[in-house]
>>> print(open('structure_8.json').read())   # JSON, N, CA and C atoms
[["chain", "number", "residue", "atom", "x", "y", "z"],
["V", 5, "ALA", "N", -94.68, 26.76, -55.92],
["V", 5, "ALA", "CA", -94.14, 25.98, -57.03],
["V", 5, "ALA", "C", -92.63, 25.84, -56.90],
["V", 6, "TRP", "N", -91.98, 26.88, -56.38],
["V", 6, "TRP", "CA", -90.52, 26.82, -56.24],
["V", 6, "TRP", "C", -90.10, 25.78, -55.22],
["V", 7, "ILE", "N", -90.80, 25.70, -54.12],
["V", 7, "ILE", "CA", -90.45, 24.73, -53.08],
["V", 7, "ILE", "C", -90.65, 23.31, -53.60],
["V", 8, "VAL", "N", -91.77, 23.08, -54.27],
["V", 8, "VAL", "CA", -92.04, 21.76, -54.85],
["V", 8, "VAL", "C", -90.96, 21.41, -55.87],
["V", 9, "LEU", "N", -90.55, 22.39, -56.65],
["V", 9, "LEU", "CA", -89.53, 22.15, -57.67],
["V", 9, "LEU", "C", -88.19, 21.76, -57.05],
["V", 10, "VAL", "N", -87.78, 22.46, -56.03],
["V", 10, "VAL", "CA", -86.50, 22.13, -55.38],
["V", 10, "VAL", "C", -86.57, 20.75, -54.71],
["V", 11, "LEU", "N", -87.68, 20.46, -54.06],
["V", 11, "LEU", "CA", -87.84, 19.13, -53.46],
["V", 11, "LEU", "C", -87.85, 18.03, -54.52],
["V", 12, "SER", "N", -88.43, 18.32, -55.67],
["V", 12, "SER", "CA", -88.43, 17.36, -56.77],
["V", 12, "SER", "C", -87.01, 17.13, -57.29],
["V", 13, "GLY", "N", -86.22, 18.19, -57.30],
["V", 13, "GLY", "CA", -84.83, 18.05, -57.70],
["V", 13, "GLY", "C", -84.04, 17.18, -56.74],
["V", 14, "VAL", "N", -84.30, 17.33, -55.46],
["V", 14, "VAL", "CA", -83.65, 16.48, -54.46],
["V", 14, "VAL", "C", -84.07, 15.02, -54.66],
["V", 15, "LEU", "N", -85.35, 14.82, -54.95],
["V", 15, "LEU", "CA", -85.83, 13.46, -55.21],
["V", 15, "LEU", "C", -85.19, 12.87, -56.46],
["V", 16, "GLU", "N", -84.81, 13.72, -57.40],
["V", 16, "GLU", "CA", -84.11, 13.22, -58.59],
["V", 16, "GLU", "C", -82.80, 12.57, -58.18],
["V", 17, "ALA", "N", -82.08, 13.20, -57.28],
["V", 17, "ALA", "CA", -80.82, 12.62, -56.79],
["V", 17, "ALA", "C", -81.09, 11.32, -56.02],
["V", 18, "VAL", "N", -82.20, 11.28, -55.29],
["V", 18, "VAL", "CA", -82.55, 10.07, -54.53],
["V", 18, "VAL", "C", -82.82, 8.91, -55.47],
["V", 19, "TRP", "N", -83.64, 9.14, -56.50],
["V", 19, "TRP", "CA", -83.96, 8.01, -57.38],
["V", 19, "TRP", "C", -82.77, 7.59, -58.23],
["V", 20, "ALA", "N", -81.90, 8.53, -58.58],
["V", 20, "ALA", "CA", -80.70, 8.16, -59.33],
["V", 20, "ALA", "C", -79.77, 7.30, -58.47],
["V", 21, "SER", "N", -79.64, 7.65, -57.21],
["V", 21, "SER", "CA", -78.82, 6.86, -56.30],
["V", 21, "SER", "C", -79.43, 5.48, -56.06],
["V", 22, "ALA", "N", -80.74, 5.44, -55.91],
["V", 22, "ALA", "CA", -81.43, 4.16, -55.71],
["V", 22, "ALA", "C", -81.29, 3.26, -56.94],
["V", 23, "LEU", "N", -81.30, 3.85, -58.11],
["V", 23, "LEU", "CA", -81.12, 3.07, -59.33],
["V", 23, "LEU", "C", -79.75, 2.41, -59.34],
["V", 24, "ALA", "N", -78.73, 3.16, -58.96],
["V", 24, "ALA", "CA", -77.38, 2.59, -58.90],
["V", 24, "ALA", "C", -77.30, 1.50, -57.82],
["V", 25, "ALA", "N", -77.97, 1.73, -56.69],
["V", 25, "ALA", "CA", -77.93, 0.77, -55.59],
["V", 25, "ALA", "C", -78.72, -0.51, -55.88],
["V", 26, "SER", "N", -79.59, -0.47, -56.87],
["V", 26, "SER", "CA", -80.41, -1.65, -57.16],
["V", 26, "SER", "C", -79.63, -2.75, -57.85],
["V", 27, "ARG", "N", -78.43, -2.42, -58.32],
["V", 27, "ARG", "CA", -77.55, -3.39, -58.99],
["V", 27, "ARG", "C", -78.28, -4.16, -60.08],
["V", 28, "GLY", "N", -78.74, -3.41, -61.06],
["V", 28, "GLY", "CA", -79.42, -4.05, -62.19],
["V", 28, "GLY", "C", -80.81, -4.56, -61.86],
["V", 29, "PHE", "N", -81.51, -3.86, -60.99],
["V", 29, "PHE", "CA", -82.86, -4.23, -60.57],
["V", 29, "PHE", "C", -82.91, -5.62, -59.93],
["V", 30, "ARG", "N", -81.88, -5.92, -59.10],
["V", 30, "ARG", "CA", -81.84, -7.20, -58.41],
["V", 30, "ARG", "C", -82.08, -7.06, -56.91],
["V", 31, "ARG", "N", -82.15, -5.83, -56.39],
["V", 31, "ARG", "CA", -82.37, -5.62, -54.96],
["V", 31, "ARG", "C", -83.70, -4.90, -54.78],
["V", 32, "PRO", "N", -84.63, -5.50, -54.03],
["V", 32, "PRO", "CA", -86.00, -4.97, -53.99],
["V", 32, "PRO", "C", -86.17, -3.61, -53.30],
["V", 33, "VAL", "N", -85.47, -3.35, -52.21],
["V", 33, "VAL", "CA", -85.68, -2.08, -51.49],
["V", 33, "VAL", "C", -85.24, -0.89, -52.35],
["V", 34, "PRO", "N", -84.04, -0.92, -52.95],
["V", 34, "PRO", "CA", -83.69, 0.21, -53.82],
["V", 34, "PRO", "C", -84.62, 0.37, -55.03],
["V", 35, "ILE", "N", -85.19, -0.72, -55.49],
["V", 35, "ILE", "CA", -86.13, -0.63, -56.62],
["V", 35, "ILE", "C", -87.37, 0.13, -56.19],
["V", 36, "VAL", "N", -87.88, -0.15, -55.00],
["V", 36, "VAL", "CA", -89.07, 0.56, -54.49],
["V", 36, "VAL", "C", -88.75, 2.04, -54.29],
["V", 37, "VAL", "N", -87.59, 2.34, -53.71],
["V", 37, "VAL", "CA", -87.18, 3.74, -53.52],
["V", 37, "VAL", "C", -87.04, 4.43, -54.87],
["V", 38, "PHE", "N", -86.48, 3.74, -55.86],
["V", 38, "PHE", "CA", -86.35, 4.28, -57.21],
["V", 38, "PHE", "C", -87.70, 4.64, -57.80],
["V", 39, "VAL", "N", -88.64, 3.71, -57.77],
["V", 39, "VAL", "CA", -89.96, 3.93, -58.39],
["V", 39, "VAL", "C", -90.71, 5.05, -57.68],
["V", 40, "VAL", "N", -90.74, 5.02, -56.37],
["V", 40, "VAL", "CA", -91.46, 6.05, -55.62],
["V", 40, "VAL", "C", -90.80, 7.42, -55.83],
["V", 41, "GLY", "N", -89.47, 7.46, -55.76],
["V", 41, "GLY", "CA", -88.76, 8.71, -55.97],
["V", 41, "GLY", "C", -88.95, 9.27, -57.37],
["V", 42, "LEU", "N", -88.92, 8.39, -58.36],
["V", 42, "LEU", "CA", -89.09, 8.82, -59.74],
["V", 42, "LEU", "C", -90.48, 9.40, -59.97],
["V", 43, "VAL", "N", -91.50, 8.70, -59.50],
["V", 43, "VAL", "CA", -92.87, 9.18, -59.69],
["V", 43, "VAL", "C", -93.09, 10.51, -58.97],
["V", 44, "ALA", "N", -92.62, 10.61, -57.73],
["V", 44, "ALA", "CA", -92.79, 11.85, -56.97],
["V", 44, "ALA", "C", -92.00, 13.00, -57.59],
["V", 45, "SER", "N", -90.81, 12.72, -58.06],
["V", 45, "SER", "CA", -89.98, 13.75, -58.68],
["V", 45, "SER", "C", -90.62, 14.27, -59.98],
["V", 46, "MET", "N", -91.08, 13.37, -60.80],
["V", 46, "MET", "CA", -91.71, 13.79, -62.06],
["V", 46, "MET", "C", -93.03, 14.51, -61.82],
["V", 47, "ALA", "N", -93.79, 14.06, -60.82],
["V", 47, "ALA", "CA", -95.05, 14.73, -60.50],
["V", 47, "ALA", "C", -94.78, 16.15, -60.00],
["V", 48, "GLY", "N", -93.76, 16.31, -59.19],
["V", 48, "GLY", "CA", -93.40, 17.65, -58.71],
["V", 48, "GLY", "C", -92.95, 18.55, -59.84],
["V", 49, "LEU", "N", -92.16, 18.01, -60.76],
["V", 49, "LEU", "CA", -91.73, 18.78, -61.92],
["V", 49, "LEU", "C", -92.93, 19.17, -62.78],
["V", 50, "ALA", "N", -93.84, 18.25, -62.98],
["V", 50, "ALA", "CA", -95.05, 18.53, -63.77],
["V", 50, "ALA", "C", -95.87, 19.64, -63.12],
["V", 51, "TYR", "N", -96.02, 19.57, -61.80],
["V", 51, "TYR", "CA", -96.76, 20.61, -61.10],
["V", 51, "TYR", "C", -96.06, 21.96, -61.25],
["V", 52, "ALA", "N", -94.75, 21.97, -61.07],
["V", 52, "ALA", "CA", -94.01, 23.23, -61.13],
["V", 52, "ALA", "C", -94.11, 23.88, -62.50],
["V", 53, "THR", "N", -94.18, 23.07, -63.56],
["V", 53, "THR", "CA", -94.26, 23.65, -64.90],
["V", 53, "THR", "C", -95.62, 24.28, -65.18],
["V", 54, "THR", "N", -96.61, 24.02, -64.33],
["V", 54, "THR", "CA", -97.89, 24.71, -64.51],
["V", 54, "THR", "C", -97.80, 26.15, -64.02],
["V", 55, "GLU", "N", -96.85, 26.43, -63.13],
["V", 55, "GLU", "CA", -96.71, 27.78, -62.56],
["V", 55, "GLU", "C", -95.49, 28.53, -63.10],
["V", 56, "LEU", "N", -94.48, 27.78, -63.53],
["V", 56, "LEU", "CA", -93.20, 28.37, -63.95],
["V", 56, "LEU", "C", -92.94, 28.01, -65.41],
["V", 57, "PRO", "N", -92.09, 28.80, -66.09],
["V", 57, "PRO", "CA", -91.71, 28.43, -67.45],
["V", 57, "PRO", "C", -91.01, 27.07, -67.47],
["V", 58, "THR", "N", -91.29, 26.27, -68.48],
["V", 58, "THR", "CA", -90.76, 24.92, -68.55],
["V", 58, "THR", "C", -89.23, 24.89, -68.54],
["V", 59, "GLY", "N", -88.60, 25.74, -69.31],
["V", 59, "GLY", "CA", -87.13, 25.76, -69.36],
["V", 59, "GLY", "C", -86.52, 26.09, -68.02],
["V", 60, "THR", "N", -87.09, 27.06, -67.34],
["V", 60, "THR", "CA", -86.60, 27.44, -66.01],
["V", 60, "THR", "C", -86.79, 26.30, -65.03],
["V", 61, "ALA", "N", -87.98, 25.71, -65.04],
["V", 61, "ALA", "CA", -88.27, 24.62, -64.11],
["V", 61, "ALA", "C", -87.33, 23.44, -64.35],
["V", 62, "TYR", "N", -87.10, 23.10, -65.60],
["V", 62, "TYR", "CA", -86.22, 21.96, -65.89],
["V", 62, "TYR", "C", -84.78, 22.25, -65.47],
["V", 63, "ALA", "N", -84.31, 23.45, -65.73],
["V", 63, "ALA", "CA", -82.95, 23.81, -65.34],
["V", 63, "ALA", "C", -82.77, 23.76, -63.83],
["V", 64, "VAL", "N", -83.73, 24.26, -63.09],
["V", 64, "VAL", "CA", -83.64, 24.23, -61.62],
["V", 64, "VAL", "C", -83.75, 22.79, -61.12],
["V", 65, "TRP", "N", -84.62, 22.00, -61.72],
["V", 65, "TRP", "CA", -84.80, 20.61, -61.32],
["V", 65, "TRP", "C", -83.52, 19.80, -61.51],
["V", 66, "VAL", "N", -82.90, 19.96, -62.67],
["V", 66, "VAL", "CA", -81.65, 19.25, -62.95],
["V", 66, "VAL", "C", -80.52, 19.79, -62.07],
["V", 67, "GLY", "N", -80.45, 21.09, -61.93],
["V", 67, "GLY", "CA", -79.39, 21.70, -61.15],
["V", 67, "GLY", "C", -79.46, 21.37, -59.67],
["V", 68, "SER", "N", -80.65, 21.28, -59.13],
["V", 68, "SER", "CA", -80.78, 20.97, -57.70],
["V", 68, "SER", "C", -80.63, 19.47, -57.45],
["V", 69, "GLY", "N", -80.79, 18.66, -58.48],
["V", 69, "GLY", "CA", -80.63, 17.23, -58.33],
["V", 69, "GLY", "C", -79.21, 16.84, -58.45]]
>>> encode(input="structure_8.json", output="structure tokens")
Amino acid sequence: AWIVLVLSGVLEAVWASALAASRGFRRPVPIVVFVVGLVASMAGLAYATTELPTGTAYAVWVGSG
């Protein structure tokens, strides 16, 4: 769960960067990276919270992102 959580945090940084690069959702490739990164990041966070306390998981997810 810890490895998935840290990878999800890294994906949080990826989707945030892709959102900025999309320039208001006008560039298709960053939009695809944003959507895929967001879904994968949230799914990883959801999985991690099944094994770890929610507050701890969220803090690590935000901190690693």
>>> residues_near_point(input="structure_8.json", point="(-82.9, 17.4, -64.7)", cutoff="12 Å", atoms="only C-alpha atoms", output="JSON, numbers by chain")
{"V": [9, 10, 12, 13, 14, 15, 16, 17, 19, 20, 42, 45, 46, 49, 58, 59, 60, 61, 62, 63, 64, 65, 66, 67, 68, 69]}
>>> closest_residue(input="structure_8.json", among="V:Tyr51, V:Leu56, V:Phe38, V:Val8", to="V:Ala25", atoms="only C-alpha atoms")
V:Phe38
>>> closest_residue(input="structure_8.json", among="V:Ala52, V:Ala5, V:Ala22, V:Leu11", to="V:Val36", atoms="all atoms listed in the file")
V:Ala22
>>> atom_distance(input="structure_8.json", atom1="atom N of V:Gly48", atom2="atom N of V:Pro32")
24.2 Å
>>> select_by_dssp(input="structure_8.json", residues="stretch 7-42 of chain V", states="helix (DSSP H, G or I)", output="MDAnalysis selection string")
chainID V and resid 7:25 32:42
>>> atom_distance(input="structure_8.json", atom1="atom CA of V:Thr54", atom2="atom C of V:Gly41")
19.2 Å
>>> atom_distance(input="structure_8.json", atom1="atom C of V:Pro34", atom2="atom CA of V:Ala47")
18.6 Å
>>> decode(input="structure_8.json", residues="stretch 42-55 of chain V", atoms="all heavy atoms", output="PDB file, in the first residue's frame")
ATOM      1  N   LEU V  42      -4.962  11.580 -13.408  1.00  0.00           N
ATOM      2  CA  LEU V  42      -5.920  11.842 -12.336  1.00  0.00           C
ATOM      3  C   LEU V  42      -6.626  10.562 -11.895  1.00  0.00           C
ATOM      4  O   LEU V  42      -6.706  10.273 -10.694  1.00  0.00           O
ATOM      5  CB  LEU V  42      -6.948  12.868 -12.800  1.00  0.00           C
ATOM      6  CG  LEU V  42      -8.051  13.230 -11.801  1.00  0.00           C
ATOM      7  CD1 LEU V  42      -7.463  13.934 -10.601  1.00  0.00           C
ATOM      8  CD2 LEU V  42      -9.092  14.093 -12.463  1.00  0.00           C
ATOM      9  N   VAL V  43      -7.099   9.792 -12.858  1.00  0.00           N
ATOM     10  CA  VAL V  43      -7.803   8.548 -12.527  1.00  0.00           C
ATOM     11  C   VAL V  43      -6.870   7.566 -11.817  1.00  0.00           C
ATOM     12  O   VAL V  43      -7.232   6.971 -10.790  1.00  0.00           O
ATOM     13  CB  VAL V  43      -8.426   7.920 -13.797  1.00  0.00           C
ATOM     14  CG1 VAL V  43      -8.934   6.523 -13.519  1.00  0.00           C
ATOM     15  CG2 VAL V  43      -9.549   8.801 -14.321  1.00  0.00           C
ATOM     16  N   ALA V  44      -5.656   7.409 -12.336  1.00  0.00           N
ATOM     17  CA  ALA V  44      -4.704   6.483 -11.719  1.00  0.00           C
ATOM     18  C   ALA V  44      -4.291   6.952 -10.326  1.00  0.00           C
ATOM     19  O   ALA V  44      -4.177   6.153  -9.394  1.00  0.00           O
ATOM     20  CB  ALA V  44      -3.476   6.327 -12.612  1.00  0.00           C
ATOM     21  N   SER V  45      -4.097   8.245 -10.165  1.00  0.00           N
ATOM     22  CA  SER V  45      -3.705   8.790  -8.870  1.00  0.00           C
ATOM     23  C   SER V  45      -4.807   8.594  -7.823  1.00  0.00           C
ATOM     24  O   SER V  45      -4.538   8.176  -6.691  1.00  0.00           O
ATOM     25  CB  SER V  45      -3.369  10.276  -9.016  1.00  0.00           C
ATOM     26  OG  SER V  45      -2.989  10.833  -7.794  1.00  0.00           O
ATOM     27  N   MET V  46      -6.022   8.893  -8.195  1.00  0.00           N
ATOM     28  CA  MET V  46      -7.141   8.729  -7.263  1.00  0.00           C
ATOM     29  C   MET V  46      -7.400   7.262  -6.942  1.00  0.00           C
ATOM     30  O   MET V  46      -7.725   6.910  -5.804  1.00  0.00           O
ATOM     31  CB  MET V  46      -8.417   9.364  -7.839  1.00  0.00           C
ATOM     32  CG  MET V  46      -8.360  10.845  -7.966  1.00  0.00           C
ATOM     33  SD  MET V  46      -8.244  11.617  -6.341  1.00  0.00           S
ATOM     34  CE  MET V  46      -7.960  13.291  -6.821  1.00  0.00           C
ATOM     35  N   ALA V  47      -7.251   6.395  -7.945  1.00  0.00           N
ATOM     36  CA  ALA V  47      -7.440   4.961  -7.707  1.00  0.00           C
ATOM     37  C   ALA V  47      -6.376   4.437  -6.749  1.00  0.00           C
ATOM     38  O   ALA V  47      -6.670   3.634  -5.856  1.00  0.00           O
ATOM     39  CB  ALA V  47      -7.395   4.194  -9.022  1.00  0.00           C
ATOM     40  N   GLY V  48      -5.150   4.886  -6.919  1.00  0.00           N
ATOM     41  CA  GLY V  48      -4.081   4.484  -6.006  1.00  0.00           C
ATOM     42  C   GLY V  48      -4.320   4.980  -4.596  1.00  0.00           C
ATOM     43  O   GLY V  48      -4.095   4.255  -3.622  1.00  0.00           O
ATOM     44  N   LEU V  49      -4.785   6.210  -4.465  1.00  0.00           N
ATOM     45  CA  LEU V  49      -5.113   6.748  -3.146  1.00  0.00           C
ATOM     46  C   LEU V  49      -6.251   5.958  -2.515  1.00  0.00           C
ATOM     47  O   LEU V  49      -6.201   5.624  -1.321  1.00  0.00           O
ATOM     48  CB  LEU V  49      -5.483   8.228  -3.240  1.00  0.00           C
ATOM     49  CG  LEU V  49      -5.908   8.909  -1.942  1.00  0.00           C
ATOM     50  CD1 LEU V  49      -4.791   8.878  -0.904  1.00  0.00           C
ATOM     51  CD2 LEU V  49      -6.354  10.337  -2.222  1.00  0.00           C
ATOM     52  N   ALA V  50      -7.261   5.640  -3.296  1.00  0.00           N
ATOM     53  CA  ALA V  50      -8.392   4.859  -2.783  1.00  0.00           C
ATOM     54  C   ALA V  50      -7.934   3.490  -2.305  1.00  0.00           C
ATOM     55  O   ALA V  50      -8.354   3.012  -1.242  1.00  0.00           O
ATOM     56  CB  ALA V  50      -9.465   4.726  -3.859  1.00  0.00           C
ATOM     57  N   TYR V  51      -7.061   2.848  -3.081  1.00  0.00           N
ATOM     58  CA  TYR V  51      -6.541   1.551  -2.666  1.00  0.00           C
ATOM     59  C   TYR V  51      -5.740   1.678  -1.375  1.00  0.00           C
ATOM     60  O   TYR V  51      -5.891   0.860  -0.466  1.00  0.00           O
ATOM     61  CB  TYR V  51      -5.672   0.942  -3.767  1.00  0.00           C
ATOM     62  CG  TYR V  51      -4.912  -0.271  -3.291  1.00  0.00           C
ATOM     63  CD1 TYR V  51      -5.563  -1.491  -3.119  1.00  0.00           C
ATOM     64  CD2 TYR V  51      -3.565  -0.189  -2.953  1.00  0.00           C
ATOM     65  CE1 TYR V  51      -4.883  -2.600  -2.647  1.00  0.00           C
ATOM     66  CE2 TYR V  51      -2.874  -1.292  -2.489  1.00  0.00           C
ATOM     67  CZ  TYR V  51      -3.530  -2.488  -2.327  1.00  0.00           C
ATOM     68  OH  TYR V  51      -2.861  -3.581  -1.846  1.00  0.00           O
ATOM     69  N   ALA V  52      -4.890   2.681  -1.295  1.00  0.00           N
ATOM     70  CA  ALA V  52      -4.037   2.845  -0.121  1.00  0.00           C
ATOM     71  C   ALA V  52      -4.858   3.078   1.140  1.00  0.00           C
ATOM     72  O   ALA V  52      -4.475   2.627   2.229  1.00  0.00           O
ATOM     73  CB  ALA V  52      -3.054   3.993  -0.337  1.00  0.00           C
ATOM     74  N   THR V  53      -5.993   3.759   1.018  1.00  0.00           N
ATOM     75  CA  THR V  53      -6.809   4.022   2.206  1.00  0.00           C
ATOM     76  C   THR V  53      -7.516   2.772   2.713  1.00  0.00           C
ATOM     77  O   THR V  53      -8.046   2.786   3.816  1.00  0.00           O
ATOM     78  CB  THR V  53      -7.845   5.135   1.949  1.00  0.00           C
ATOM     79  OG1 THR V  53      -8.671   4.770   0.852  1.00  0.00           O
ATOM     80  CG2 THR V  53      -7.167   6.468   1.694  1.00  0.00           C
ATOM     81  N   THR V  54      -7.530   1.704   1.922  1.00  0.00           N
ATOM     82  CA  THR V  54      -8.094   0.450   2.436  1.00  0.00           C
ATOM     83  C   THR V  54      -7.128  -0.228   3.397  1.00  0.00           C
ATOM     84  O   THR V  54      -7.547  -1.028   4.224  1.00  0.00           O
ATOM     85  CB  THR V  54      -8.449  -0.531   1.296  1.00  0.00           C
ATOM     86  OG1 THR V  54      -7.267  -0.900   0.594  1.00  0.00           O
ATOM     87  CG2 THR V  54      -9.461   0.083   0.345  1.00  0.00           C
ATOM     88  N   GLU V  55      -5.838   0.085   3.277  1.00  0.00           N
ATOM     89  CA  GLU V  55      -4.817  -0.544   4.124  1.00  0.00           C
ATOM     90  C   GLU V  55      -4.252   0.406   5.187  1.00  0.00           C
ATOM     91  O   GLU V  55      -3.756  -0.048   6.199  1.00  0.00           O
ATOM     92  CB  GLU V  55      -3.656  -1.017   3.243  1.00  0.00           C
ATOM     93  CG  GLU V  55      -4.069  -1.885   2.080  1.00  0.00           C
ATOM     94  CD  GLU V  55      -3.796  -3.345   2.334  1.00  0.00           C
ATOM     95  OE1 GLU V  55      -2.924  -3.640   3.157  1.00  0.00           O
ATOM     96  OE2 GLU V  55      -4.469  -4.172   1.706  1.00  0.00           O
TER      97      GLU V  55
END
